[in-house]
file query02.txt (compact mmCIF, C-alpha atoms)
# COMPACT_ATOMS: atom_id res chain seq x y z
CA MET A 117 42.15 164.62 62.17
CA ASP A 118 38.94 166.56 61.88
CA TRP A 119 38.90 169.78 63.91
CA LEU A 120 35.51 168.88 65.40
CA GLU A 121 36.93 165.59 66.61
CA GLN A 122 39.76 167.38 68.40
CA VAL A 123 37.29 169.02 70.76
CA LYS A 124 36.77 166.97 73.92
CA TRP A 125 32.99 166.86 74.09
CA ASP A 126 31.54 166.15 77.53
CA ALA A 127 29.26 163.21 78.40
CA ASP A 128 26.31 165.15 76.95
CA GLY A 129 28.20 165.94 73.74
CA LEU A 130 28.64 169.58 74.72
CA VAL A 131 31.48 172.05 75.19
CA PRO A 132 31.37 175.26 77.30
CA VAL A 133 31.74 178.46 75.28
CA ILE A 134 32.79 181.94 76.42
CA ALA A 135 31.89 184.94 74.24
CA GLN A 136 34.23 187.92 74.58
CA GLU A 137 33.60 191.25 72.89
CA GLN A 138 36.19 192.41 70.38
CA GLY A 139 37.58 195.80 71.29
CA THR A 140 36.34 196.13 74.88
CA LYS A 141 37.35 192.52 75.66
CA ASP A 142 34.33 192.32 77.98
CA VAL A 143 33.15 188.80 78.70
CA LEU A 144 29.59 188.99 77.40
CA MET A 145 28.15 185.57 78.08
CA PHE A 146 28.69 181.88 78.59
CA ALA A 147 26.79 179.14 76.79
CA TRP A 148 27.17 175.63 75.37
CA MET A 149 27.66 174.12 71.94
CA ASN A 150 27.29 170.65 70.51
CA ARG A 151 29.10 169.55 67.33
CA GLU A 152 26.37 170.83 65.08
CA ALA A 153 26.40 174.24 66.81
CA LEU A 154 30.17 174.59 66.57
CA ALA A 155 30.15 173.53 62.92
CA ALA A 156 27.32 176.00 62.20
CA THR A 157 29.18 178.79 64.01
CA ALA A 158 32.28 178.17 61.91
CA ALA A 159 30.26 177.98 58.69
CA ARG A 160 28.05 181.06 59.28
CA GLY A 161 30.51 183.30 61.11
CA GLN A 162 27.76 183.93 63.68
CA ALA A 163 27.38 182.32 67.09
CA VAL A 164 25.10 179.30 67.13
CA TYR A 165 24.78 177.72 70.56
CA PHE A 166 22.96 174.67 71.87
CA SER A 167 20.18 175.55 74.27
CA ARG A 168 20.20 173.00 77.07
CA SER A 169 16.75 174.09 78.27
CA ARG A 170 15.12 173.95 74.83
CA LYS A 171 17.32 171.06 73.66
CA ARG A 172 17.89 172.54 70.24
CA LEU A 173 20.27 174.75 68.28
CA TRP A 174 19.96 178.40 69.24
CA HIS A 175 21.15 180.92 66.70
CA LYS A 176 21.91 183.80 69.06
CA GLY A 177 19.76 186.73 67.98
CA GLU A 178 17.08 184.62 66.27
CA GLU A 179 14.41 186.23 68.49
CA SER A 180 16.12 189.39 69.75
CA GLY A 181 17.98 190.37 66.59
CA HIS A 182 21.06 190.58 68.81
CA PHE A 183 23.27 188.25 66.83
CA GLN A 184 26.99 187.78 67.33
CA GLU A 185 29.49 188.08 64.52
CA VAL A 186 32.38 185.72 65.26
CA HIS A 187 35.89 186.97 64.48
CA GLU A 188 37.93 184.26 66.12
CA MET A 189 37.45 180.89 67.81
CA ARG A 190 39.97 179.51 70.25
CA LEU A 191 40.26 176.18 72.04
CA ASP A 192 41.92 175.76 75.43
CA CYS A 193 44.84 173.54 76.47
CA ASP A 194 42.59 170.61 77.38
CA ALA A 195 40.51 171.08 74.21
CA ASP A 196 37.34 171.22 76.28
CA VAL A 197 36.47 174.94 76.34
CA VAL A 198 35.91 177.33 73.40
CA LEU A 199 36.50 181.10 73.48
CA LEU A 200 34.83 183.27 70.84
CA THR A 201 35.80 186.83 69.95
CA VAL A 202 32.60 188.52 68.79
CA THR A 203 30.93 191.73 67.76
CA GLN A 204 27.55 191.94 69.44
CA HIS A 205 25.08 193.35 66.90
CA GLY A 206 21.48 194.58 67.06
CA HIS A 207 21.67 197.46 69.51
CA ASP A 208 24.01 200.32 70.33
CA PRO A 209 25.36 200.07 72.99
CA ALA A 210 25.64 196.32 72.56
CA ILE A 211 23.27 194.02 74.44
CA ALA A 212 24.26 190.38 74.89
CA CYS A 213 22.09 189.51 77.90
CA HIS A 214 18.43 188.53 77.76
CA THR A 215 17.85 190.95 80.67
CA GLY A 216 18.68 193.83 78.29
CA ARG A 217 22.14 194.41 79.75
CA HIS A 218 25.46 194.63 77.94
CA SER A 219 26.91 191.52 79.58
CA CYS A 220 25.37 188.62 81.48
CA PHE A 221 27.93 189.20 84.25
CA PHE A 222 26.19 192.14 85.92
CA GLN A 223 26.13 190.86 89.51
CA ARG A 224 29.21 191.75 91.53
CA PHE A 225 30.15 190.15 94.82
CA ASP A 226 30.32 192.90 97.42
CA GLY A 227 29.60 192.85 101.13
CA LEU A 228 28.79 189.13 101.07
CA GLN A 229 26.06 189.75 98.49
CA TRP A 230 25.66 189.65 94.72
CA GLN A 231 24.83 193.21 93.76
CA THR A 232 23.48 194.27 90.38
CA VAL A 233 25.94 196.84 89.06
CA GLU A 234 25.10 197.20 85.36
CA PRO A 235 22.12 199.06 83.88
CA VAL A 236 19.36 197.64 81.72
CA LEU A 237 19.94 199.22 78.29
CA LYS A 238 16.63 198.15 76.80
CA ASP A 239 13.47 196.72 78.35
CA PRO A 240 13.57 192.94 77.65
CA GLU A 241 9.83 193.03 76.91
CA SER A 242 10.54 195.30 73.97
CA ILE A 243 13.37 193.00 72.85
CA TYR A 244 11.33 189.81 72.92
CA GLY A 245 7.81 191.24 72.74
CA MET B 269 19.57 184.55 101.58
CA ASP B 270 23.12 183.30 101.72
CA TRP B 271 25.22 184.33 98.73
CA LEU B 272 26.46 180.76 98.25
CA GLU B 273 22.87 179.54 98.05
CA GLN B 274 22.11 182.05 95.31
CA VAL B 275 24.51 180.25 92.99
CA LYS B 276 22.77 177.60 90.89
CA TRP B 277 25.08 174.64 91.43
CA ASP B 278 24.88 171.94 88.76
CA ALA B 279 23.98 168.29 89.40
CA ASP B 280 27.56 167.67 90.56
CA GLY B 281 27.49 170.66 92.90
CA LEU B 282 29.79 172.67 90.63
CA VAL B 283 29.75 176.00 88.82
CA PRO B 284 31.86 176.98 85.77
CA VAL B 285 34.38 179.74 86.42
CA ILE B 286 36.13 182.06 83.95
CA ALA B 287 39.32 183.83 85.05
CA GLN B 288 40.00 187.12 83.27
CA GLU B 289 43.20 189.11 83.76
CA GLN B 290 42.86 192.58 85.20
CA GLY B 291 44.38 195.19 82.91
CA THR B 292 44.78 193.16 79.73
CA LYS B 293 41.29 191.63 80.10
CA ASP B 294 42.68 188.44 78.56
CA VAL B 295 40.66 185.33 79.36
CA LEU B 296 43.30 183.22 81.10
CA MET B 297 41.54 179.99 81.94
CA PHE B 298 38.31 178.17 82.69
CA ALA B 299 37.77 175.87 85.65
CA TRP B 300 35.14 174.70 88.13
CA MET B 301 34.30 175.45 91.75
CA ASN B 302 32.16 173.74 94.34
CA ARG B 303 30.71 175.64 97.34
CA GLU B 304 33.80 175.10 99.41
CA ALA B 305 36.05 176.40 96.63
CA LEU B 306 33.96 179.52 96.07
CA ALA B 307 33.81 180.21 99.81
CA ALA B 308 37.58 179.72 100.07
CA THR B 309 38.19 182.02 97.10
CA ALA B 310 36.11 184.76 98.72
CA ALA B 311 37.80 184.28 102.10
CA ARG B 312 41.43 184.14 100.82
CA GLY B 313 41.23 186.56 97.93
CA GLN B 314 43.00 183.94 95.82
CA ALA B 315 41.46 181.54 93.33
CA VAL B 316 40.64 178.13 94.76
CA TYR B 317 39.07 175.78 92.21
CA PHE B 318 37.70 172.26 92.40
CA SER B 319 39.73 169.79 90.38
CA ARG B 320 37.32 167.39 88.70
CA SER B 321 40.16 164.99 87.81
CA ARG B 322 41.65 164.90 91.31
CA LYS B 323 38.28 165.37 93.02
CA ARG B 324 39.62 167.84 95.54
CA LEU B 325 40.10 171.55 96.13
CA TRP B 326 42.87 173.02 94.02
CA HIS B 327 44.45 176.21 95.25
CA LYS B 328 45.72 177.54 91.92
CA GLY B 329 49.50 177.95 92.26
CA GLU B 330 49.89 175.36 95.03
CA GLU B 331 52.41 173.47 92.88
CA SER B 332 53.47 176.05 90.31
CA GLY B 333 53.59 179.13 92.54
CA HIS B 334 51.40 180.76 89.89
CA PHE B 335 48.59 181.83 92.17
CA GLN B 336 45.78 184.19 91.22
CA GLU B 337 44.88 187.23 93.26
CA VAL B 338 41.15 187.84 92.94
CA HIS B 339 39.99 191.44 92.60
CA GLU B 340 36.37 190.88 91.73
CA MET B 341 33.84 188.06 91.45
CA ARG B 342 30.78 188.30 89.25
CA LEU B 343 27.79 186.03 88.75
CA ASP B 344 25.83 185.83 85.51
CA CYS B 345 22.11 186.42 84.85
CA ASP B 346 21.21 182.77 85.42
CA ALA B 347 23.42 182.59 88.54
CA ASP B 348 25.19 179.56 87.12
CA VAL B 349 28.53 180.95 85.91
CA VAL B 350 31.20 182.92 87.84
CA LEU B 351 33.63 185.43 86.33
CA LEU B 352 36.79 186.32 88.26
CA THR B 353 38.99 189.34 87.66
CA VAL B 354 42.49 188.30 88.66
CA THR B 355 46.14 189.21 88.75
CA GLN B 356 48.17 186.18 87.71
CA HIS B 357 51.24 186.01 89.97
CA GLY B 358 54.43 183.92 90.01
CA HIS B 359 56.04 184.80 86.69
CA ASP B 360 56.57 187.85 84.54
CA PRO B 361 55.07 187.78 81.94
CA ALA B 362 52.14 186.07 83.62
CA ILE B 363 51.60 182.33 83.12
CA ALA B 364 48.15 180.90 83.82
CA CYS B 365 48.37 177.71 81.75
CA HIS B 366 49.99 174.46 82.85
CA THR B 367 51.68 174.33 79.44
CA GLY B 368 53.74 177.40 80.44
CA ARG B 369 51.71 179.80 78.31
CA HIS B 370 50.07 183.07 79.30
CA SER B 371 46.53 181.84 78.67
CA CYS B 372 44.99 178.41 78.22
CA PHE B 373 43.33 179.67 75.02
CA PHE B 374 46.35 179.39 72.74
CA GLN B 375 44.81 177.34 69.91
CA ARG B 376 43.16 179.44 67.22
CA PHE B 377 40.80 178.09 64.60
CA ASP B 378 42.31 178.82 61.22
CA GLY B 379 42.11 176.94 57.93
CA LEU B 380 39.84 174.27 59.46
CA GLN B 381 42.49 173.50 62.07
CA TRP B 382 43.30 174.47 65.65
CA GLN B 383 46.66 176.19 65.39
CA THR B 384 48.91 176.95 68.35
CA VAL B 385 49.50 180.71 68.24
CA GLU B 386 50.95 181.60 71.66
CA PRO B 387 54.50 180.93 72.86
CA VAL B 388 55.58 178.82 75.82
CA LEU B 389 56.99 181.36 78.31
CA LYS B 390 58.53 178.80 80.64
CA ASP B 391 59.20 175.08 80.26
CA PRO B 392 56.43 173.30 82.22
CA GLU B 393 59.01 170.80 83.53
CA SER B 394 60.75 173.64 85.31
CA ILE B 395 57.41 174.89 86.66
CA TYR B 396 56.29 171.57 88.11
CA GLY B 397 59.65 169.78 88.38
call {"tool": "encode", "arguments": {"input": "query02.txt", "output": "structure tokens"}}
result
Amino acid sequence: MDWLEQVKWDADGLVPVIAQEQGTKDVLMFAWMNREALAATAARGQAVYFSRSRKRLWHKGEESGHFQEVHEMRLDCDADVVLLTVTQHGHDPAIACHTGRHSCFFQRFDGLQWQTVEPVLKDPESIYG
Amino acid sequence: MDWLEQVKWDADGLVPVIAQEQGTKDVLMFAWMNREALAATAARGQAVYFSRSRKRLWHKGEESGHFQEVHEMRLDCDADVVLLTVTQHGHDPAIACHTGRHSCFFQRFDGLQWQTVEPVLKDPESIYG
């Protein structure tokens, strides 16, 4: 059985994907893939997601230069979630978030509020400008 | 603005949730929450998910005893994904997966196949029996 067929794609043909940094084990981001994106990720060794807003393949880093080298791909027990182990390239320290932060998960729940607790490492305008 | 309103709930009123183990930083599992589940998680300090198959709140560990103590909750840049930092209780070594494994992400992509690479720590029949 083909490995792509073993993934349980949702009604939109997508699977949720978690990107975790090798070494630090920080969870960097969460995105989606369709079959073509997962196949491309496996073939290139770089993360290729499916952008739900733009409805097209999104080779992470194509605009920012912040691409993700993929070391390992894992599938969960229900075969409906993928976990990537990545090295986040393009900036030191690594920037995975479009806001210029290391990780997309920079808002911490504290005092019944979501508080921003991680610094912007690079002005997003200079990343995407 | 209410912190629950700041979450961008999807068309089904759900948000994806990643549970990461404190200490090891292993990604243990992925699940979903609705508003009630997220509010309950914040109030109890234990993970309460929404089971899409059973269409009801699912207090993780309610059957297995393998509950999750929540140390931190984070929200991502788009406010549509939650990351929990947890201690997985109920068994030593910790079991988060219903298959009796530490993590749900036990299938590694290797040689164009998903290969099971993590051991069963406890027979699931004795967890749920």
call {"tool": "closest_residue", "arguments": {"input": "query02.txt", "among": "A:Gln229, A:Gln162, A:Gln223, A:Ser180", "to": "Ile243 (chain A)", "atoms": "all atoms listed in the file"}}
result
A:Ser180
call {"tool": "residues_around", "arguments": {"input": "query02.txt", "residues": "Ala156 (chain A)", "least_positions_apart": "2", "cutoff": "12 Å", "atoms": "only C-alpha atoms", "output": "compact mmCIF listing (two decimals) with C-alpha atoms, keeping the file's coordinate frame"}}
result
# COMPACT_ATOMS: atom_id res chain seq x y z
CA LEU A 120 35.51 168.88 65.40
CA MET A 149 27.66 174.12 71.94
CA ASN A 150 27.29 170.65 70.51
CA ARG A 151 29.10 169.55 67.33
CA GLU A 152 26.37 170.83 65.08
CA ALA A 153 26.40 174.24 66.81
CA LEU A 154 30.17 174.59 66.57
CA ALA A 158 32.28 178.17 61.91
CA ALA A 159 30.26 177.98 58.69
CA ARG A 160 28.05 181.06 59.28
CA GLY A 161 30.51 183.30 61.11
CA GLN A 162 27.76 183.93 63.68
CA ALA A 163 27.38 182.32 67.09
CA VAL A 164 25.10 179.30 67.13
CA TYR A 165 24.78 177.72 70.56
CA PHE A 166 22.96 174.67 71.87
CA LEU A 173 20.27 174.75 68.28
CA TRP A 174 19.96 178.40 69.24
CA HIS A 175 21.15 180.92 66.70
CA LYS A 176 21.91 183.80 69.06
CA VAL A 186 32.38 185.72 65.26
call {"tool": "calpha_fit_and_write", "arguments": {"input": "query02.txt", "fixed": "chain B", "moving": "chain A", "output": "PDB file with C-alpha atoms, in the coordinates of the input"}}
result
ATOM      1  CA  MET A 117      19.587 184.531 101.600  1.00  0.00           C
ATOM      2  CA  ASP A 118      23.140 183.302 101.729  1.00  0.00           C
ATOM      3  CA  TRP A 119      25.236 184.340  98.726  1.00  0.00           C
ATOM      4  CA  LEU A 120      26.466 180.763  98.261  1.00  0.00           C
ATOM      5  CA  GLU A 121      22.882 179.569  98.075  1.00  0.00           C
ATOM      6  CA  GLN A 122      22.116 182.052  95.307  1.00  0.00           C
ATOM      7  CA  VAL A 123      24.518 180.269  92.981  1.00  0.00           C
ATOM      8  CA  LYS A 124      22.768 177.614  90.897  1.00  0.00           C
ATOM      9  CA  TRP A 125      25.066 174.653  91.430  1.00  0.00           C
ATOM     10  CA  ASP A 126      24.867 171.944  88.773  1.00  0.00           C
ATOM     11  CA  ALA A 127      23.963 168.288  89.412  1.00  0.00           C
ATOM     12  CA  ASP A 128      27.550 167.667  90.562  1.00  0.00           C
ATOM     13  CA  GLY A 129      27.488 170.669  92.904  1.00  0.00           C
ATOM     14  CA  LEU A 130      29.774 172.675  90.633  1.00  0.00           C
ATOM     15  CA  VAL A 131      29.738 176.014  88.834  1.00  0.00           C
ATOM     16  CA  PRO A 132      31.858 176.965  85.773  1.00  0.00           C
ATOM     17  CA  VAL A 133      34.372 179.741  86.426  1.00  0.00           C
ATOM     18  CA  ILE A 134      36.121 182.059  83.960  1.00  0.00           C
ATOM     19  CA  ALA A 135      39.322 183.828  85.051  1.00  0.00           C
ATOM     20  CA  GLN A 136      40.011 187.121  83.276  1.00  0.00           C
ATOM     21  CA  GLU A 137      43.203 189.102  83.752  1.00  0.00           C
ATOM     22  CA  GLN A 138      42.854 192.586  85.199  1.00  0.00           C
ATOM     23  CA  GLY A 139      44.358 195.191  82.918  1.00  0.00           C
ATOM     24  CA  THR A 140      44.781 193.165  79.716  1.00  0.00           C
ATOM     25  CA  LYS A 141      41.292 191.638  80.110  1.00  0.00           C
ATOM     26  CA  ASP A 142      42.669 188.433  78.570  1.00  0.00           C
ATOM     27  CA  VAL A 143      40.654 185.333  79.364  1.00  0.00           C
ATOM     28  CA  LEU A 144      43.289 183.228  81.103  1.00  0.00           C
ATOM     29  CA  MET A 145      41.522 180.002  81.943  1.00  0.00           C
ATOM     30  CA  PHE A 146      38.318 178.174  82.694  1.00  0.00           C
ATOM     31  CA  ALA A 147      37.780 175.865  85.649  1.00  0.00           C
ATOM     32  CA  TRP A 148      35.144 174.704  88.137  1.00  0.00           C
ATOM     33  CA  MET A 149      34.286 175.453  91.741  1.00  0.00           C
ATOM     34  CA  ASN A 150      32.160 173.755  94.352  1.00  0.00           C
ATOM     35  CA  ARG A 151      30.725 175.635  97.353  1.00  0.00           C
ATOM     36  CA  GLU A 152      33.812 175.098  99.435  1.00  0.00           C
ATOM     37  CA  ALA A 153      36.058 176.400  96.627  1.00  0.00           C
ATOM     38  CA  LEU A 154      33.959 179.512  96.074  1.00  0.00           C
ATOM     39  CA  ALA A 155      33.801 180.207  99.808  1.00  0.00           C
ATOM     40  CA  ALA A 156      37.584 179.712 100.078  1.00  0.00           C
ATOM     41  CA  THR A 157      38.184 182.015  97.102  1.00  0.00           C
ATOM     42  CA  ALA A 158      36.102 184.746  98.718  1.00  0.00           C
ATOM     43  CA  ALA A 159      37.799 184.270 102.091  1.00  0.00           C
ATOM     44  CA  ARG A 160      41.420 184.113 100.834  1.00  0.00           C
ATOM     45  CA  GLY A 161      41.221 186.555  97.933  1.00  0.00           C
ATOM     46  CA  GLN A 162      43.006 183.925  95.822  1.00  0.00           C
ATOM     47  CA  ALA A 163      41.455 181.530  93.327  1.00  0.00           C
ATOM     48  CA  VAL A 164      40.633 178.124  94.757  1.00  0.00           C
ATOM     49  CA  TYR A 165      39.062 175.784  92.224  1.00  0.00           C
ATOM     50  CA  PHE A 166      37.707 172.254  92.418  1.00  0.00           C
ATOM     51  CA  SER A 167      39.729 169.801  90.379  1.00  0.00           C
ATOM     52  CA  ARG A 168      37.321 167.401  88.711  1.00  0.00           C
ATOM     53  CA  SER A 169      40.133 164.989  87.815  1.00  0.00           C
ATOM     54  CA  ARG A 170      41.657 164.912  91.305  1.00  0.00           C
ATOM     55  CA  LYS A 171      38.284 165.374  93.029  1.00  0.00           C
ATOM     56  CA  ARG A 172      39.618 167.843  95.546  1.00  0.00           C
ATOM     57  CA  LEU A 173      40.097 171.557  96.151  1.00  0.00           C
ATOM     58  CA  TRP A 174      42.872 173.012  94.024  1.00  0.00           C
ATOM     59  CA  HIS A 175      44.442 176.212  95.256  1.00  0.00           C
ATOM     60  CA  LYS A 176      45.716 177.544  91.933  1.00  0.00           C
ATOM     61  CA  GLY A 177      49.473 177.943  92.253  1.00  0.00           C
ATOM     62  CA  GLU A 178      49.889 175.366  95.036  1.00  0.00           C
ATOM     63  CA  GLU A 179      52.420 173.466  92.883  1.00  0.00           C
ATOM     64  CA  SER A 180      53.488 176.058  90.307  1.00  0.00           C
ATOM     65  CA  GLY A 181      53.580 179.125  92.541  1.00  0.00           C
ATOM     66  CA  HIS A 182      51.393 180.765  89.897  1.00  0.00           C
ATOM     67  CA  PHE A 183      48.574 181.834  92.164  1.00  0.00           C
ATOM     68  CA  GLN A 184      45.764 184.188  91.232  1.00  0.00           C
ATOM     69  CA  GLU A 185      44.877 187.233  93.276  1.00  0.00           C
ATOM     70  CA  VAL A 186      41.135 187.827  92.938  1.00  0.00           C
ATOM     71  CA  HIS A 187      39.970 191.436  92.606  1.00  0.00           C
ATOM     72  CA  GLU A 188      36.353 190.877  91.712  1.00  0.00           C
ATOM     73  CA  MET A 189      33.838 188.041  91.441  1.00  0.00           C
ATOM     74  CA  ARG A 190      30.776 188.297  89.257  1.00  0.00           C
ATOM     75  CA  LEU A 191      27.783 186.026  88.747  1.00  0.00           C
ATOM     76  CA  ASP A 192      25.829 185.831  85.496  1.00  0.00           C
ATOM     77  CA  CYS A 193      22.121 186.419  84.828  1.00  0.00           C
ATOM     78  CA  ASP A 194      21.199 182.776  85.422  1.00  0.00           C
ATOM     79  CA  ALA A 195      23.421 182.604  88.525  1.00  0.00           C
ATOM     80  CA  ASP A 196      25.192 179.565  87.119  1.00  0.00           C
ATOM     81  CA  VAL A 197      28.531 180.959  85.890  1.00  0.00           C
ATOM     82  CA  VAL A 198      31.187 182.914  87.837  1.00  0.00           C
ATOM     83  CA  LEU A 199      33.629 185.425  86.321  1.00  0.00           C
ATOM     84  CA  LEU A 200      36.776 186.318  88.262  1.00  0.00           C
ATOM     85  CA  THR A 201      38.985 189.343  87.646  1.00  0.00           C
ATOM     86  CA  VAL A 202      42.493 188.293  88.662  1.00  0.00           C
ATOM     87  CA  THR A 203      46.145 189.190  88.753  1.00  0.00           C
ATOM     88  CA  GLN A 204      48.170 186.170  87.717  1.00  0.00           C
ATOM     89  CA  HIS A 205      51.239 186.004  89.974  1.00  0.00           C
ATOM     90  CA  GLY A 206      54.430 183.928  90.009  1.00  0.00           C
ATOM     91  CA  HIS A 207      56.053 184.799  86.702  1.00  0.00           C
ATOM     92  CA  ASP A 208      56.569 187.855  84.528  1.00  0.00           C
ATOM     93  CA  PRO A 209      55.064 187.783  81.941  1.00  0.00           C
ATOM     94  CA  ALA A 210      52.143 186.061  83.622  1.00  0.00           C
ATOM     95  CA  ILE A 211      51.604 182.333  83.121  1.00  0.00           C
ATOM     96  CA  ALA A 212      48.161 180.892  83.832  1.00  0.00           C
ATOM     97  CA  CYS A 213      48.375 177.706  81.750  1.00  0.00           C
ATOM     98  CA  HIS A 214      49.996 174.463  82.858  1.00  0.00           C
ATOM     99  CA  THR A 215      51.685 174.337  79.423  1.00  0.00           C
ATOM    100  CA  GLY A 216      53.727 177.409  80.442  1.00  0.00           C
ATOM    101  CA  ARG A 217      51.707 179.810  78.299  1.00  0.00           C
ATOM    102  CA  HIS A 218      50.066 183.070  79.312  1.00  0.00           C
ATOM    103  CA  SER A 219      46.524 181.846  78.662  1.00  0.00           C
ATOM    104  CA  CYS A 220      45.002 178.400  78.214  1.00  0.00           C
ATOM    105  CA  PHE A 221      43.331 179.659  75.022  1.00  0.00           C
ATOM    106  CA  PHE A 222      46.362 179.392  72.742  1.00  0.00           C
ATOM    107  CA  GLN A 223      44.824 177.357  69.910  1.00  0.00           C
ATOM    108  CA  ARG A 224      43.183 179.446  67.207  1.00  0.00           C
ATOM    109  CA  PHE A 225      40.818 178.090  64.592  1.00  0.00           C
ATOM    110  CA  ASP A 226      42.329 178.822  61.196  1.00  0.00           C
ATOM    111  CA  GLY A 227      42.115 176.932  57.930  1.00  0.00           C
ATOM    112  CA  LEU A 228      39.847 174.276  59.448  1.00  0.00           C
ATOM    113  CA  GLN A 229      42.496 173.490  62.067  1.00  0.00           C
ATOM    114  CA  TRP A 230      43.322 174.476  65.635  1.00  0.00           C
ATOM    115  CA  GLN A 231      46.689 176.174  65.393  1.00  0.00           C
ATOM    116  CA  THR A 232      48.925 176.953  68.354  1.00  0.00           C
ATOM    117  CA  VAL A 233      49.514 180.700  68.228  1.00  0.00           C
ATOM    118  CA  GLU A 234      50.954 181.587  71.644  1.00  0.00           C
ATOM    119  CA  PRO A 235      54.505 180.910  72.855  1.00  0.00           C
ATOM    120  CA  VAL A 236      55.568 178.817  75.819  1.00  0.00           C
ATOM    121  CA  LEU A 237      56.973 181.353  78.308  1.00  0.00           C
ATOM    122  CA  LYS A 238      58.534 178.802  80.627  1.00  0.00           C
ATOM    123  CA  ASP A 239      59.209 175.082  80.256  1.00  0.00           C
ATOM    124  CA  PRO A 240      56.426 173.305  82.227  1.00  0.00           C
ATOM    125  CA  GLU A 241      59.005 170.809  83.518  1.00  0.00           C
ATOM    126  CA  SER A 242      60.761 173.652  85.289  1.00  0.00           C
ATOM    127  CA  ILE A 243      57.421 174.897  86.649  1.00  0.00           C
ATOM    128  CA  TYR A 244      56.313 171.566  88.071  1.00  0.00           C
ATOM    129  CA  GLY A 245      59.662 169.782  88.333  1.00  0.00           C
TER     130      GLY A 245
END
call {"tool": "closest_atom_pairs", "arguments": {"input": "query02.txt", "of": "chain B", "to": "chain A", "cutoff": "10 Å", "atoms": "all atoms listed in the file", "output": "Markdown table"}}
result
| residue | atom | partner | partner_atom | distance |
| --- | --- | --- | --- | --- |
| B:Met269 | CA | A:Gln229 | CA | 8.9 |
| B:Asp270 | CA | A:Gln229 | CA | 7.8 |
| B:Trp271 | CA | A:Gln229 | CA | 5.5 |
| B:Leu272 | CA | A:Gln229 | CA | 9.0 |
| B:Gln274 | CA | A:Trp230 | CA | 8.4 |
| B:Val275 | CA | A:Trp230 | CA | 9.6 |
| B:Pro284 | CA | A:Pro132 | CA | 8.7 |
| B:Val285 | CA | A:Phe146 | CA | 9.9 |
| B:Ile286 | CA | A:Ile134 | CA | 8.2 |
| B:Gln288 | CA | A:Val143 | CA | 8.4 |
| B:Thr292 | CA | A:Lys141 | CA | 8.5 |
| B:Lys293 | CA | A:Lys141 | CA | 6.0 |
| B:Asp294 | CA | A:Lys141 | CA | 7.3 |
| B:Val295 | CA | A:Val143 | CA | 8.3 |
| B:Leu296 | CA | A:Asp192 | CA | 9.5 |
| B:Met297 | CA | A:Asp192 | CA | 7.8 |
| B:Phe298 | CA | A:Val197 | CA | 7.4 |
| B:Ala299 | CA | A:Val197 | CA | 9.4 |
| B:Ala310 | CA | A:Leu228 | CA | 8.8 |
| B:Glu340 | CA | A:Phe225 | CA | 7.0 |
| B:Met341 | CA | A:Phe225 | CA | 5.4 |
| B:Arg342 | CA | A:Arg224 | CA | 4.4 |
| B:Leu343 | CA | A:Gln223 | CA | 5.2 |
| B:Asp344 | CA | A:Phe221 | CA | 4.2 |
| B:Cys345 | CA | A:Cys220 | CA | 5.2 |
| B:Asp346 | CA | A:Cys220 | CA | 8.2 |
| B:Ala347 | CA | A:Gln223 | CA | 8.8 |
| B:Asp348 | CA | A:Phe146 | CA | 9.5 |
| B:Val349 | CA | A:Phe146 | CA | 7.4 |
| B:Val350 | CA | A:Phe221 | CA | 7.9 |
| B:Leu351 | CA | A:Phe221 | CA | 7.1 |
| B:Leu352 | CA | A:Arg224 | CA | 9.9 |
| B:Cys365 | CA | A:Cys193 | CA | 7.6 |
| B:His366 | CA | A:Cys193 | CA | 8.3 |
| B:Thr367 | CA | A:Cys193 | CA | 7.5 |
| B:Arg369 | CA | A:Cys193 | CA | 9.5 |
| B:Ser371 | CA | A:Asp192 | CA | 8.3 |
| B:Cys372 | CA | A:Asp192 | CA | 4.9 |
| B:Phe373 | CA | A:Asp192 | CA | 4.2 |
| B:Phe374 | CA | A:Asp192 | CA | 6.3 |
| B:Gln375 | CA | A:Leu191 | CA | 5.2 |
| B:Arg376 | CA | A:Arg190 | CA | 4.4 |
| B:Phe377 | CA | A:Met189 | CA | 5.4 |
| B:Asp378 | CA | A:Met189 | CA | 8.4 |
| B:Gly379 | CA | A:Trp119 | CA | 9.9 |
| B:Leu380 | CA | A:Trp119 | CA | 6.4 |
| B:Gln381 | CA | A:Trp119 | CA | 5.5 |
| B:Trp382 | CA | A:Trp119 | CA | 6.7 |
| B:Gln383 | CA | A:Arg190 | CA | 8.9 |
| B:Thr384 | CA | A:Leu191 | CA | 9.4 |
| B:Val385 | CA | A:Arg190 | CA | 9.8 |
call {"tool": "atom_distance", "arguments": {"input": "query02.txt", "atom1": "CA of Thr309 (chain B)", "atom2": "CA of Glu337 (chain B)"}}
result
9.3 Å
call {"tool": "residues_near_point", "arguments": {"input": "query02.txt", "point": "(51.3, 182.6, 78.6)", "cutoff": "8 Å", "atoms": "all atoms listed in the file", "output": "PyMOL selection string"}}
result
chain B and resi 361-365+368-372+386-389
call {"tool": "atom_distance", "arguments": {"input": "query02.txt", "atom1": "CA of Gln356 (chain B)", "atom2": "CA of Gln290 (chain B)"}}
result
8.7 Å
call {"tool": "atom_distance", "arguments": {"input": "query02.txt", "atom1": "CA of His339 (chain B)", "atom2": "CA of Thr201 (chain A)"}}
result
23.5 Å
call {"tool": "axis_aligned_box", "arguments": {"input": "query02.txt", "around": "region 362-375 of chain B", "padding_each_side": "6 Å", "output": "AutoDock Vina command-line options"}}
result
--center_x 48.5 --center_y 180.2 --center_z 76.9 --size_x 22.4 --size_y 23.7 --size_z 25.9
